[in-house]
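Just data08.txt here, compact mmCIF, C-alpha atoms and all ligand atoms:
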# COMPACT_ATOMS: atom_id res chain seq x y z
CA MET A 21 120.03 107.01 98.85
CA ASP A 22 117.18 106.04 101.19
CA PHE A 23 116.16 102.46 101.91
CA PRO A 24 112.89 101.41 103.53
CA GLU A 25 112.83 100.97 107.28
CA ARG A 26 110.34 98.09 107.05
CA PHE A 27 112.89 95.29 106.89
CA SER A 28 115.95 96.98 108.35
CA ASN A 29 115.75 95.18 111.66
CA LEU A 30 115.54 91.68 110.23
CA PRO A 31 118.14 89.43 111.82
CA GLU A 32 120.59 87.60 109.56
CA TYR A 33 118.79 84.61 107.97
CA ALA A 34 119.40 81.27 109.68
CA PHE A 35 121.72 79.70 107.10
CA PRO A 36 124.18 82.58 106.56
CA ARG A 37 124.25 82.78 110.36
CA LEU A 38 125.10 79.10 110.58
CA ARG A 39 127.90 79.56 108.05
CA ALA A 40 129.28 82.44 110.09
CA LEU A 41 129.22 80.26 113.22
CA LEU A 42 130.85 77.19 111.70
CA ASP A 43 132.84 77.95 108.60
CA ALA A 44 135.88 79.45 110.32
CA HIS A 45 136.34 76.09 112.08
CA GLN A 46 137.49 72.77 110.69
CA PRO A 47 134.94 69.92 110.75
CA GLY A 48 135.98 67.12 113.07
CA GLY A 49 135.02 64.35 110.64
CA GLU A 50 133.30 63.59 107.36
CA VAL A 51 130.81 66.43 106.77
CA LEU A 52 127.17 65.47 107.23
CA HIS A 53 124.43 68.03 106.59
CA MET A 54 121.52 67.74 109.01
CA SER A 55 120.76 71.46 109.15
CA ILE A 56 118.64 72.09 106.07
CA GLY A 57 115.18 70.57 105.67
CA GLU A 58 115.65 69.64 102.03
CA PRO A 59 113.99 66.30 101.32
CA LYS A 60 116.44 63.74 99.93
CA HIS A 61 114.27 60.68 99.32
CA PRO A 62 113.67 59.98 95.61
CA PHE A 63 110.81 61.77 93.92
CA PRO A 64 108.33 59.67 91.89
CA TRP A 65 109.88 57.97 88.86
CA TRP A 66 107.28 59.39 86.46
CA VAL A 67 108.15 63.05 87.05
CA SER A 68 110.63 63.34 84.13
CA GLU A 69 108.27 61.43 81.86
CA VAL A 70 105.39 63.80 82.56
CA ILE A 71 107.61 66.85 81.97
CA ALA A 72 108.91 65.42 78.67
CA GLY A 73 105.38 64.50 77.58
CA HIS A 74 104.17 68.05 78.14
CA ALA A 75 107.34 69.95 77.19
CA GLY A 76 105.39 71.84 74.52
CA GLY A 77 103.74 73.71 77.40
CA PHE A 78 106.96 75.63 77.97
CA GLY A 79 105.88 77.55 74.86
CA ASN A 80 102.77 78.93 76.59
CA TYR A 81 102.11 81.36 79.37
CA PRO A 82 100.59 79.16 82.07
CA PRO A 83 97.30 79.97 83.81
CA ASN A 84 98.11 82.01 86.86
CA GLU A 85 95.92 80.27 89.38
CA GLY A 86 96.47 76.70 88.09
CA THR A 87 94.98 74.63 85.26
CA PRO A 88 91.44 73.32 85.86
CA GLU A 89 92.92 69.80 85.86
CA LEU A 90 95.43 70.67 88.59
CA LEU A 91 92.81 72.44 90.71
CA SER A 92 90.50 69.40 90.40
CA ALA A 93 93.29 67.02 91.38
CA ILE A 94 93.98 69.16 94.47
CA ALA A 95 90.30 69.35 95.43
CA GLY A 96 90.10 65.56 95.01
CA TRP A 97 93.01 65.11 97.41
CA ILE A 98 91.46 67.50 99.93
CA ALA A 99 88.20 65.57 99.82
CA ARG A 100 89.95 62.22 100.37
CA ARG A 101 92.29 63.51 103.07
CA TYR A 102 90.00 65.84 105.04
CA GLY A 103 86.48 64.99 103.88
CA ALA A 104 85.95 68.62 102.80
CA ALA A 105 84.16 69.29 99.51
CA LEU A 106 85.73 72.43 98.00
CA ASP A 107 84.91 73.99 94.65
CA PRO A 108 88.20 73.63 92.74
CA GLU A 109 87.65 76.73 90.59
CA ARG A 110 86.67 79.04 93.43
CA GLN A 111 88.31 77.66 96.54
CA VAL A 112 91.77 76.53 95.46
CA ILE A 113 94.74 78.44 94.04
CA ALA A 114 97.96 76.86 92.79
CA LEU A 115 101.17 78.31 94.20
CA ASN A 116 104.89 78.13 93.47
CA GLY A 117 105.39 76.33 96.76
CA THR A 118 103.78 77.44 99.99
CA ARG A 119 106.47 79.98 100.88
CA GLU A 120 105.28 82.59 98.38
CA GLY A 121 101.66 81.90 99.25
CA LEU A 122 102.28 82.36 102.97
CA PHE A 123 103.83 85.73 102.16
CA ASN A 124 101.30 86.90 99.58
CA ALA A 125 98.29 85.84 101.65
CA CYS A 126 99.13 88.59 104.14
CA LEU A 127 99.35 91.15 101.33
CA ALA A 128 96.05 90.02 99.87
CA LEU A 129 94.11 89.50 103.10
CA CYS A 130 95.47 91.39 106.10
CA PRO A 131 93.44 94.59 106.59
CA GLU A 132 95.23 97.92 107.12
CA THR A 133 93.65 98.39 110.55
CA LYS A 134 91.74 96.39 113.14
CA GLY A 135 89.39 98.37 115.36
CA GLY A 136 91.05 101.54 114.09
CA MET A 137 94.51 100.37 115.22
CA ARG A 138 97.56 98.78 113.62
CA PRO A 139 96.64 95.08 113.39
CA LYS A 140 98.55 92.31 115.13
CA VAL A 141 99.75 89.17 113.36
CA LEU A 142 100.29 86.27 115.77
CA ILE A 143 103.25 84.03 115.03
CA PRO A 144 104.42 80.91 116.86
CA ASN A 145 107.94 81.18 118.26
CA PRO A 146 110.08 79.47 116.91
CA PHE A 147 108.67 79.60 113.39
CA TYR A 148 109.14 79.47 109.63
CA GLN A 149 110.61 82.88 108.95
CA VAL A 150 108.37 84.02 106.10
CA TYR A 151 105.50 84.69 108.53
CA THR A 152 107.21 87.67 110.08
CA VAL A 153 108.31 89.38 106.87
CA ALA A 154 104.76 89.00 105.58
CA ALA A 155 103.44 90.80 108.67
CA GLN A 156 106.07 93.50 108.35
CA ALA A 157 105.38 93.96 104.64
CA VAL A 158 101.81 95.01 105.40
CA GLY A 159 102.75 97.23 108.34
CA ALA A 160 101.17 94.87 110.90
CA GLU A 161 102.71 94.17 114.29
CA PRO A 162 104.21 90.68 114.57
CA VAL A 163 103.49 89.17 117.99
CA TYR A 164 105.60 86.13 118.86
CA LEU A 165 103.91 83.45 120.94
CA PRO A 166 106.11 80.89 122.69
CA ALA A 167 105.55 77.36 121.41
CA THR A 168 107.46 75.44 124.07
CA GLY A 169 107.18 72.26 126.08
CA ALA A 170 104.91 74.15 128.49
CA THR A 171 102.37 74.80 125.71
CA GLY A 172 102.64 71.43 123.95
CA PHE A 173 105.01 73.02 121.38
CA LEU A 174 102.11 74.95 119.82
CA PRO A 175 101.19 78.54 120.71
CA ASP A 176 98.53 78.95 123.37
CA ILE A 177 96.03 81.05 121.41
CA ALA A 178 93.14 80.31 123.80
CA GLY A 179 95.18 81.62 126.73
CA LEU A 180 95.67 85.08 125.21
CA PRO A 181 93.86 88.09 126.64
CA SER A 182 90.71 89.14 124.76
CA GLU A 183 92.23 92.53 123.94
CA THR A 184 95.09 90.84 122.08
CA LEU A 185 92.70 88.63 120.13
CA ASP A 186 90.47 91.61 119.33
CA ALA A 187 93.47 93.47 117.92
CA THR A 188 94.56 90.45 115.83
CA ALA A 189 93.97 90.30 112.08
CA VAL A 190 95.88 87.12 111.21
CA VAL A 191 97.20 84.09 113.08
CA TYR A 192 99.87 81.95 111.44
CA LEU A 193 99.89 78.38 112.69
CA CYS A 194 102.04 75.48 111.57
CA SER A 195 100.93 71.88 112.10
CA PRO A 196 102.76 69.56 111.95
CA SER A 197 105.09 72.22 113.25
CA ASN A 198 108.54 73.08 112.03
CA PRO A 199 110.78 72.80 114.01
CA GLN A 200 109.17 70.90 116.92
CA GLY A 201 107.19 68.23 115.04
CA ALA A 202 104.05 68.89 117.14
CA VAL A 203 100.58 68.18 115.77
CA ALA A 204 97.52 70.34 116.45
CA SER A 205 94.60 68.17 117.58
CA HIS A 206 90.99 68.45 116.35
CA HIS A 207 90.26 70.20 119.60
CA TYR A 208 93.09 72.72 119.11
CA TRP A 209 91.95 73.63 115.59
CA SER A 210 88.30 73.87 116.64
CA GLU A 211 89.17 76.14 119.54
CA VAL A 212 91.27 78.40 117.29
CA MET A 213 88.57 78.61 114.62
CA ALA A 214 85.92 79.39 117.25
CA LEU A 215 88.16 82.19 118.57
CA ALA A 216 88.67 83.45 115.00
CA GLU A 217 84.91 83.74 114.69
CA LYS A 218 84.50 85.38 118.09
CA HIS A 219 87.36 87.89 117.72
CA ASP A 220 87.14 88.36 113.97
CA PHE A 221 90.53 87.24 112.72
CA ARG A 222 91.88 84.98 109.97
CA VAL A 223 93.92 81.82 110.36
CA PHE A 224 96.68 80.87 107.93
CA ALA A 225 97.31 77.17 108.52
CA ASP A 226 100.69 76.03 107.21
CA GLU A 227 100.21 72.29 106.84
CA CYS A 228 103.05 71.52 104.46
CA TYR A 229 104.32 68.63 106.64
CA SER A 230 100.86 67.04 106.90
CA GLU A 231 101.78 63.83 105.06
CA ILE A 232 104.89 62.92 107.05
CA TYR A 233 103.67 61.44 110.29
CA ARG A 234 103.76 58.40 112.51
CA GLY A 235 100.49 56.99 113.76
CA ALA A 236 97.27 58.68 112.71
CA PRO A 237 97.20 61.37 110.00
CA PRO A 238 97.40 64.87 111.52
CA PRO A 239 93.97 66.56 111.66
CA GLY A 240 93.56 69.53 109.34
CA ALA A 241 92.21 73.00 109.98
CA LEU A 242 89.62 72.49 107.22
CA GLU A 243 87.96 69.81 109.33
CA ALA A 244 87.52 72.35 112.15
CA VAL A 245 85.71 74.77 109.85
CA ALA A 246 83.12 72.11 109.10
CA GLU A 247 82.86 71.14 112.80
CA THR A 248 82.59 74.62 114.30
CA GLY A 249 80.46 76.08 111.51
CA CYS A 250 82.70 79.16 111.44
CA ASP A 251 82.85 81.36 108.36
CA PRO A 252 85.00 79.50 105.79
CA GLU A 253 86.48 82.86 104.75
CA ARG A 254 88.39 82.88 108.04
CA LEU A 255 90.74 80.08 107.07
CA VAL A 256 93.40 79.57 104.42
CA VAL A 257 95.28 76.26 104.42
CA PHE A 258 98.64 75.83 102.69
CA HIS A 259 99.98 72.55 101.32
CA SER A 260 103.02 71.65 99.30
CA LEU A 261 104.53 68.89 97.19
CA SER A 262 107.99 69.74 98.53
CA LYS A 263 107.84 67.35 101.49
CA ARG A 264 104.91 65.13 100.51
CA SER A 265 106.40 64.14 97.17
CA ASN A 266 110.10 65.03 97.66
CA LEU A 267 109.80 67.76 95.04
CA PRO A 268 111.18 70.90 96.71
CA GLY A 269 112.59 72.02 93.36
CA LEU A 270 109.26 71.72 91.55
CA ARG A 271 108.05 74.74 93.53
CA SER A 272 104.48 73.60 93.70
CA GLY A 273 101.87 73.95 96.40
CA PHE A 274 98.42 75.36 96.89
CA ALA A 275 96.23 77.44 99.14
CA ALA A 276 92.58 76.65 99.79
CA GLY A 277 89.88 78.59 101.60
CA GLY A 278 86.68 80.54 101.21
CA PRO A 279 85.70 81.70 97.69
CA GLU A 280 86.09 85.43 98.44
CA THR A 281 89.44 84.79 100.09
CA ILE A 282 90.76 82.82 97.14
CA ALA A 283 89.36 85.41 94.70
CA ARG A 284 91.38 88.08 96.55
CA MET A 285 94.53 85.96 96.37
CA LYS A 286 93.96 85.31 92.66
CA GLN A 287 93.43 89.00 92.01
CA LEU A 288 96.77 89.92 93.58
CA ARG A 289 98.44 87.06 91.76
CA ASN A 290 97.03 88.27 88.44
CA TYR A 291 99.09 91.40 88.88
CA SER A 292 102.21 90.21 90.60
CA GLY A 293 102.38 86.42 90.72
CA ALA A 294 104.65 84.10 88.77
CA PRO A 295 102.66 81.07 87.62
CA LEU A 296 104.06 77.55 87.65
CA PRO A 297 105.13 76.43 84.12
CA LEU A 298 102.52 74.24 82.44
CA PRO A 299 104.56 71.00 82.28
CA LEU A 300 105.22 71.36 86.02
CA GLN A 301 101.51 71.89 86.69
CA ARG A 302 101.00 68.53 84.93
CA VAL A 303 103.47 66.90 87.30
CA ALA A 304 101.69 68.45 90.27
CA GLU A 305 98.32 67.23 88.96
CA ARG A 306 99.62 63.67 88.85
CA ALA A 307 101.32 63.95 92.24
CA TRP A 308 98.16 65.03 94.10
CA ALA A 309 96.27 62.14 92.51
CA ASP A 310 98.77 59.50 93.64
CA GLU A 311 99.20 58.22 97.22
CA ALA A 312 101.51 55.24 96.57
CA HIS A 313 104.67 57.34 96.48
CA VAL A 314 103.54 59.27 99.56
CA GLU A 315 103.05 56.07 101.56
CA ALA A 316 106.48 54.79 100.51
CA ASN A 317 108.02 58.11 101.53
CA ARG A 318 106.25 58.06 104.91
CA ALA A 319 107.55 54.55 105.55
CA LEU A 320 111.15 55.74 105.00
CA TYR A 321 110.65 58.51 107.56
CA GLY A 322 108.97 56.02 109.89
CA GLU A 323 112.17 53.97 109.96
CA LYS A 324 114.17 57.07 110.83
CA PHE A 325 111.77 58.08 113.63
CA GLU A 326 112.25 54.60 115.13
CA MET A 327 116.00 54.91 114.72
CA ALA A 328 116.00 58.26 116.53
CA ASP A 329 113.90 56.89 119.40
CA GLU A 330 116.32 54.00 119.79
CA ILE A 331 119.48 56.16 119.62
CA PHE A 332 118.19 58.85 122.01
CA ALA A 333 116.53 56.46 124.45
CA GLY A 334 117.15 57.64 127.99
CA VAL A 335 118.17 61.18 127.02
CA PRO A 336 116.38 63.51 129.45
CA GLY A 337 113.83 65.69 127.63
CA TYR A 338 114.09 63.73 124.37
CA ARG A 339 110.77 63.53 122.58
CA GLY A 340 110.38 61.83 119.22
CA PRO A 341 108.53 64.03 116.73
CA GLU A 342 104.87 63.24 116.09
CA ALA A 343 105.27 64.33 112.48
CA GLY A 344 107.44 66.32 110.08
CA PHE A 345 111.08 65.41 109.61
CA PHE A 346 112.99 67.28 112.31
CA LEU A 347 114.27 66.36 115.73
CA TRP A 348 114.07 69.22 118.21
CA LEU A 349 116.71 68.17 120.70
CA PRO A 350 117.12 69.80 124.11
CA VAL A 351 120.66 71.03 124.93
CA ALA A 352 122.06 73.62 127.34
CA ASP A 353 122.92 76.11 124.59
CA GLY A 354 122.03 75.44 120.94
CA GLU A 355 124.87 77.47 119.43
CA ALA A 356 127.52 75.95 121.67
CA ALA A 357 126.19 72.44 120.95
CA THR A 358 126.15 73.09 117.18
CA LEU A 359 129.75 74.30 117.22
CA LYS A 360 130.92 71.40 119.37
CA LEU A 361 129.25 68.88 117.07
CA TRP A 362 130.83 70.45 114.01
CA GLN A 363 134.30 70.63 115.50
CA GLU A 364 134.24 67.15 116.97
CA THR A 365 132.28 65.20 114.35
CA GLY A 366 131.60 67.19 111.13
CA VAL A 367 127.82 66.91 111.71
CA ARG A 368 126.05 70.15 110.84
CA VAL A 369 122.81 71.01 112.66
CA LEU A 370 120.97 74.28 113.28
CA PRO A 371 120.86 76.14 116.61
CA GLY A 372 117.19 76.40 117.60
CA ALA A 373 117.54 80.10 118.42
CA TYR A 374 118.10 80.86 114.72
CA LEU A 375 114.45 79.93 114.14
CA GLY A 376 113.09 81.98 117.02
CA ARG A 377 112.97 85.52 118.35
CA GLY A 378 114.19 86.83 121.68
CA ALA A 379 117.62 87.43 123.20
CA GLY A 380 119.52 84.69 125.02
CA ALA A 381 117.43 82.31 127.08
CA ALA A 382 114.30 84.38 126.31
CA ASN A 383 114.42 82.88 122.81
CA PRO A 384 112.37 79.65 123.04
CA GLY A 385 114.82 77.98 120.64
CA HIS A 386 117.87 78.80 122.79
CA GLY A 387 118.09 75.42 124.51
CA TYR A 388 117.56 73.33 121.35
CA ILE A 389 119.15 72.16 118.13
CA ARG A 390 117.14 71.23 115.05
CA VAL A 391 118.23 68.08 113.26
CA ALA A 392 116.82 67.24 109.81
CA LEU A 393 116.17 63.54 109.19
CA VAL A 394 116.34 63.90 105.43
CA ALA A 395 119.52 61.99 104.54
CA PRO A 396 119.44 58.26 103.67
CA ALA A 397 119.04 55.91 106.66
CA ASP A 398 122.71 54.90 106.95
CA GLU A 399 123.92 58.52 106.97
CA THR A 400 121.14 59.48 109.37
CA ARG A 401 122.23 56.71 111.74
CA ARG A 402 125.84 57.89 111.59
CA GLY A 403 124.79 61.48 112.30
CA LEU A 404 122.40 60.66 115.14
CA THR A 405 124.89 58.34 116.77
CA ALA A 406 127.53 61.09 116.65
CA ILE A 407 125.05 63.58 118.17
CA ARG A 408 124.14 61.17 120.96
CA ARG A 409 127.77 60.42 121.80
CA THR A 410 129.00 64.01 121.58
CA LEU A 411 126.18 65.86 123.32
CA TYR A 412 124.65 63.32 125.68
CA GLY A 413 127.28 60.64 126.25
CA THR A 414 126.50 56.98 125.60
CA GLY A 415 124.65 56.52 128.89
C1 LIG B 1 106.98 75.30 107.96
C2 LIG B 1 107.25 75.49 106.51
N1 LIG B 1 106.34 76.13 105.78
C3 LIG B 1 106.50 76.35 104.46
C4 LIG B 1 107.66 75.92 103.82
C5 LIG B 1 107.81 76.23 102.37
O1 LIG B 1 107.88 75.13 101.57
P1 LIG B 1 107.60 75.19 100.02
O2 LIG B 1 107.67 76.64 99.59
O3 LIG B 1 108.68 74.38 99.42
O4 LIG B 1 106.24 74.64 99.81
C6 LIG B 1 108.65 75.24 104.54
C7 LIG B 1 109.89 74.79 103.88
O5 LIG B 1 110.83 74.35 104.41
C8 LIG B 1 108.43 75.02 105.93
O6 LIG B 1 109.33 74.37 106.68
Hey, can you dump this file as structure tokens for me?
Ligand SMILES: Cc1ncc(COP(=O)(O)O)c(C=O)c1O
Amino acid sequence: MDFPERFSNLPEYAFPRLRALLDAHQPGGEVLHMSIGEPKHPFPWWVSEVIAGHAGGFGNYPPNEGTPELLSAIAGWIARRYGAALDPERQVIALNGTREGLFNACLALCPETKGGMRPKVLIPNPFYQVYTVAAQAVGAEPVYLPATGATGFLPDIAGLPSETLDATAVVYLCSPSNPQGAVASHHYWSEVMALAEKHDFRVFADECYSEIYRGAPPPGALEAVAETGCDPERLVVFHSLSKRSNLPGLRSGFAAGGPETIARMKQLRNYSGAPLPLPLQRVAERAWADEAHVEANRALYGEKFEMADEIFAGVPGYRGPEAGFFLWLPVADGEAATLKLWQETGVRVLPGAYLGRGAGAANPGHGYIRVALVAPADETRRGLTAIRRTLYGTG
């Protein structure tokens, strides 16, 4: 029996790999999960009420691209957050979380060739793993761009040779970035969108951590489209309720972009997409219209950012995240540090290399661990204190 070659070289996914690293060893203390980025703060109290109030909707096939009410609520949020006036019917599509959208966007929008050649898809390294399988699914060549301290933890798109940019069909960017917590500035987005115009490529901006920040709200790629005057069809932005509203299980997000772009995504979804159940679309509609729960959530993360800064004060190379909910902590060897932590303290983190590509030290995640700040504050303090003591001494 033949199997396709397309995905045969995929490495083991990060979490089975973590289990293989740790599970043969006893934890050295009470187990504390800081490896998975699953939000743990409470979701808004009204969620169950809205579902119960609209339970009859489970008896209907839901509209594939989102109800008009949901699309309007999303467009309203975009206008308030980014000052961009989008047509909800033509420029927004509801998704079952951003993950499927980030995958399907490549299917719907990446051309078969660029300049007669196999197109390149640029991907920050380390990265959210769906980007690469999306590129591989359409037969494009994934090109991994280091996003390290030397490049401000974002890929240096402007520094790439013209030939690479000319051969590029799609650039995936993540801001605030997972895992590093770096934020793309106005200038960064404007430069990327100007290059997209010049070299004729698309940008998929994964902004699903946009609402968890300290200081000023992270700029959005949509703002750069308005500023640079580039073709709006070049950009798709992706947003989610998973982190913003602590609803990872709702599976609700959206993509927004140019009308032709969104029409293409809707067309593919008509054939192969799974729409969000109607009562859940009602929850999403309410969530995008409400900022109070988002502010409360951000304040809880703010306390944990402060806690991390205090606990890791004086650690060489420590940098508090600008946004998102991960610490990206420098260590000599991420796997060795993860195993040591597990065996000595029971704290479970993720080796940075599992989120990147490249062998050994050539993997930009090699010298890092990723620590999720999702647990309640007291547990987070216990975990961070154990990490500090075990990996860096008390100093
Ligand atoms: C960078 C990034 N993008 C996208 C997603 C997908 O989130 P969701 O599908 O829940 O919207 C995640 C989830 O962890 C993520 O970390």
What are the closest atom pairs, with distances in Å to one decimal, for each residue of chain A lying within 7 Å of ligand LIG 1 (chain B), using all atoms listed in the file, rows by chain and rising residue number, as a Markdown table?
| residue | atom | partner | partner_atom | distance |
| --- | --- | --- | --- | --- |
| A:Gly57 | CA | B:LIG1 | O5 | 5.9 |
| A:Asn116 | CA | B:LIG1 | O2 | 6.9 |
| A:Gly117 | CA | B:LIG1 | O4 | 3.6 |
| A:Thr118 | CA | B:LIG1 | O4 | 3.7 |
| A:Arg119 | CA | B:LIG1 | O2 | 3.8 |
| A:Glu120 | CA | B:LIG1 | O2 | 6.5 |
| A:Tyr148 | CA | B:LIG1 | C1 | 5.0 |
| A:Cys194 | CA | B:LIG1 | C1 | 6.1 |
| A:Ser197 | CA | B:LIG1 | C1 | 6.4 |
| A:Asn198 | CA | B:LIG1 | C1 | 4.9 |
| A:Asp226 | CA | B:LIG1 | N1 | 5.8 |
| A:Cys228 | CA | B:LIG1 | N1 | 5.8 |
| A:His259 | CA | B:LIG1 | O4 | 6.8 |
| A:Ser260 | CA | B:LIG1 | O4 | 4.4 |
| A:Leu261 | CA | B:LIG1 | O4 | 6.5 |
| A:Ser262 | CA | B:LIG1 | O3 | 4.8 |
| A:Pro268 | CA | B:LIG1 | O3 | 5.1 |
| A:Arg271 | CA | B:LIG1 | O3 | 5.9 |
| A:Ser272 | CA | B:LIG1 | O4 | 6.4 |
| A:Gly273 | CA | B:LIG1 | O4 | 5.6 |
| field | Point-to-point distance from CA of Glu85 (chain A) to CA of Arg289 (chain A), Å rounded to tenths | value |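 Going from CA of Glu85 (chain A) over to CA of Arg289 (chain A), I get 7.6 Å.
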| query | Around (93.4, 82.1, 98.9) in the file's frame, which residues reach within 7 Å when counting all atoms listed in the file? Return as a PyMOL selection string? | reply | chain A and resi 112-113+125+256+275-277+281-285
| Using all atoms listed in the file: which of A:Arg222, A:Arg409, A:His207, A:Lys286 has the shortest distance to Val335 (chain A) |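 Closest residue, counting all atoms listed in the file: A:Arg409.
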| query | For the atom pair CA of Thr133 (chain A) and CA of His219 (chain A), what is the interatomic distance in Å to one decimal place? | reply | 14.2 Å
| Any idea what the distance is between CA of Leu393 (chain A) and CA of Arg318 (chain A)? |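 It comes out at 12.1 Å.
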| Within 10 Å of (96.2, 69.9, 87.2), all atoms listed in the file: residues as JSON, numbers by chain? | {"A": [86, 87, 88, 89, 90, 91, 92, 93, 94, 114, 298, 299, 300, 301, 302, 303, 304, 305, 306, 307, 308, 309]}
Which centre and edge lengths in Å to one decimal define the box along x, y and z that fits every listed atom of region 65-81 of chain A plus 4 Å per side, as lines of an AutoDock Vina configuration file?
center_x = 106.4
center_y = 69.7
center_z = 81.7
size_x = 16.5
size_y = 31.4
size_z = 22.3
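Using only C-alpha atoms, the shortest contact distance between Ala154 (chain A) and any of A:Tyr229, A:Trp348, A:Phe27, A:Tyr102 is found at A:Phe27.
Close contacts of region 212-216 of chain A, defined as residues with an atom at most 9 Å away when counting all atoms listed in the file, with chain neighbours fewer than 5 positions off set aside, comprise Ile177, Ala178, Leu185, Val190, Val191, His207, Phe221, Arg222, Val223, Ala241, Ala244, Val245, Thr248, Gly249, Cys250, Asp251, Arg254 and Leu255 of chain A.
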| message | When you count only C-alpha atoms, which of these residues is closest to Gly378 (chain A): A:Gln156, A:Thr184, A:Asn145, A:Ser205? | response |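 The shortest atom-to-atom distance to Gly378 (chain A) comes from A:Asn145.
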| query | Quick one: residues within 10 Å of Cys126 (chain A), only C-alpha atoms counted, chain neighbours fewer than 4 positions away excluded, as a list in words? | reply |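 My reading of the contact set: Gly121, Leu122, Cys130, Pro131, Val141, Tyr151, Val153, Ala154, Ala155, Gln156, Ala157, Val158, Ala160, Ala189, Val190, Tyr192, Arg222, Phe224 and Met285 of chain A.
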| remark: Residue with the minimum atom-to-atom distance to Gly135 (chain A), picked from A:Ala75, A:Ala187, A:Met21, A:Ala95 with all atoms listed in the file counted, is A:Ala187
| field | Counting all atoms listed in the file, the residue of A:Tyr338, A:Trp362, A:Trp209, A:Phe346 that sits nearest Tyr412 (chain A) | value |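 Counting all atoms listed in the file, the residue closest to Tyr412 (chain A) is A:Tyr338.
Using only C-alpha atoms, the residues found no farther than 8 Å from region 31-44 of chain A, other than those of its own chain fewer than 6 positions away, are Leu359, Trp362, Leu370, Pro371, Tyr374 and Leu375 of chain A.
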| query | Taking into account all atoms listed in the file, which residue in the set A:Ser265, A:Thr152, A:Asn124, A:Gln363 is nearest to Pro59 (chain A)? | reply |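 Of the candidates, the smallest distance to Pro59 (chain A) is held by A:Ser265.
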| Neighbours of Ala406 (chain A) within 9 Å (only C-alpha atoms; same-chain residues fewer than 3 positions away dropped), as a PyMOL selection string? | chain A and resi 361+365+367+401-403+409-411
Exercise: Glu326 (chain A) partners within 10 Å, all atoms listed in the file, chain neighbours under 4 positions left out, as a PDB file with C-alpha atoms, in the frame of the given file:
ATOM      1  CA  ARG A 234     103.760  58.400 112.510  1.00  0.00           C
ATOM      2  CA  TYR A 321     110.650  58.510 107.560  1.00  0.00           C
ATOM      3  CA  GLY A 322     108.970  56.020 109.890  1.00  0.00           C
ATOM      4  CA  GLU A 330     116.320  54.000 119.790  1.00  0.00           C
ATOM      5  CA  ILE A 331     119.480  56.160 119.620  1.00  0.00           C
ATOM      6  CA  GLY A 340     110.380  61.830 119.220  1.00  0.00           C
TER       7      GLY A 340
END
